[in-house]
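Input: a single structure, listed below in structure tokens.
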Amino acid sequence: MAVDIPEVAEVRNLLRELDEEGLISRLESFLLLNEGLESKRGEDFIKVSILGFLEGLLTSLKMKYPEDNEVRNLLERVSAKRREVDELFREPKLRNLSGE
């Protein structure tokens, strides 16, 4: 995948540790769907989309494994990063007065 999101590998590893093979398949399918959209939607859009998906997965895992600190910590980091990228994505692109 052209968009570099280190948290994808962390979530994938966590899913393996928790023996959540079905969720790994869903994650891989989602990543494949987003691969072709980068040129049309832009890198920030894809990052927000993927981080949002990871956030949803981790939220579900937090409900299933409420005592797992690794799930909770990773969810906090992914949520913070998604909010950060979302703000950047939503910021209007300022143009140079010369029109560039």
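Quick note on naming: the chains in the structure tokens go A, B, ... in the order shown, residues restart at 1 in each chain, and ligands are numbered from 1 in order of appearance.
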DSSP alpha helix (DSSP H) residues within chain A, listed as a PyMOL selection string: chain A and resi 6-17+21-35+38-41+43-64+69-90
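Minimum atom-to-atom distances from A:Arg72, A:Arg82, A:Arg90, A:Arg12 to Ile50 (chain A) were compared using only C-alpha atoms, and the lowest value belongs to A:Arg82.
Of the residues listed (A:Leu74, A:Leu57, A:Asp4, A:Glu87), A:Leu57 shows the shortest atom-to-atom separation from Gly22 (chain A); distances use only C-alpha atoms.
Note that CA of Met63 (chain A) and CA of Phe89 (chain A) are 29.1 Å apart.
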Pick from A:Asn73, A:Lys47, A:Val11, A:Pro6 nearest to Leu23 (chain A), counting only C-alpha atoms: A:Val11
Residues near Leu31 (chain A), cut-off 12 Å, only C-alpha atoms, skip fewer than 6 positions along chain, as a ChimeraX atom specification: /A:1-5,8-9,12,24-25,37-38,46-47,49-54
Please produce an output containing C-alpha atoms for each residue in the selection, written as a PDB file, in the first residue's frame.
```pdb
ATOM      1  CA  MET A   1       0.000   0.000   0.000  1.00  0.00           C
ATOM      2  CA  ALA A   2       1.331   3.416  -0.951  1.00  0.00           C
ATOM      3  CA  VAL A   3      -0.045   5.190   2.135  1.00  0.00           C
ATOM      4  CA  ASP A   4       2.177   4.516   5.141  1.00  0.00           C
ATOM      5  CA  ILE A   5       0.188   3.969   8.336  1.00  0.00           C
ATOM      6  CA  VAL A   8      -2.113  -0.967  10.417  1.00  0.00           C
ATOM      7  CA  ALA A   9       0.692  -3.419  11.196  1.00  0.00           C
ATOM      8  CA  ARG A  12      -2.858  -6.685  12.383  1.00  0.00           C
ATOM      9  CA  ILE A  24      -7.738  -9.713   9.738  1.00  0.00           C
ATOM     10  CA  SER A  25      -9.546 -10.726   6.534  1.00  0.00           C
ATOM     11  CA  LEU A  37      -8.761   5.439  -4.320  1.00  0.00           C
ATOM     12  CA  GLU A  38      -5.566   7.264  -3.382  1.00  0.00           C
ATOM     13  CA  ILE A  46      -7.291   7.547   2.585  1.00  0.00           C
ATOM     14  CA  LYS A  47      -5.452   7.967   5.899  1.00  0.00           C
ATOM     15  CA  SER A  49     -10.603   6.423   6.124  1.00  0.00           C
ATOM     16  CA  ILE A  50      -8.178   3.702   7.198  1.00  0.00           C
ATOM     17  CA  LEU A  51      -7.604   5.178  10.657  1.00  0.00           C
ATOM     18  CA  GLY A  52     -11.367   5.419  11.124  1.00  0.00           C
ATOM     19  CA  PHE A  53     -11.718   1.756  10.185  1.00  0.00           C
ATOM     20  CA  LEU A  54      -8.947   0.806  12.627  1.00  0.00           C
TER      21      LEU A  54
END
```
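Between Arg83 (chain A) and the candidates A:Glu20, A:Glu10, A:Glu35, A:Asp44, the tightest atom-to-atom separation, counting only C-alpha atoms, involves A:Asp44.
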CA of Pro66 (chain A) to CA of Val48 (chain A), straight-line distance in Å: 25.3 Å
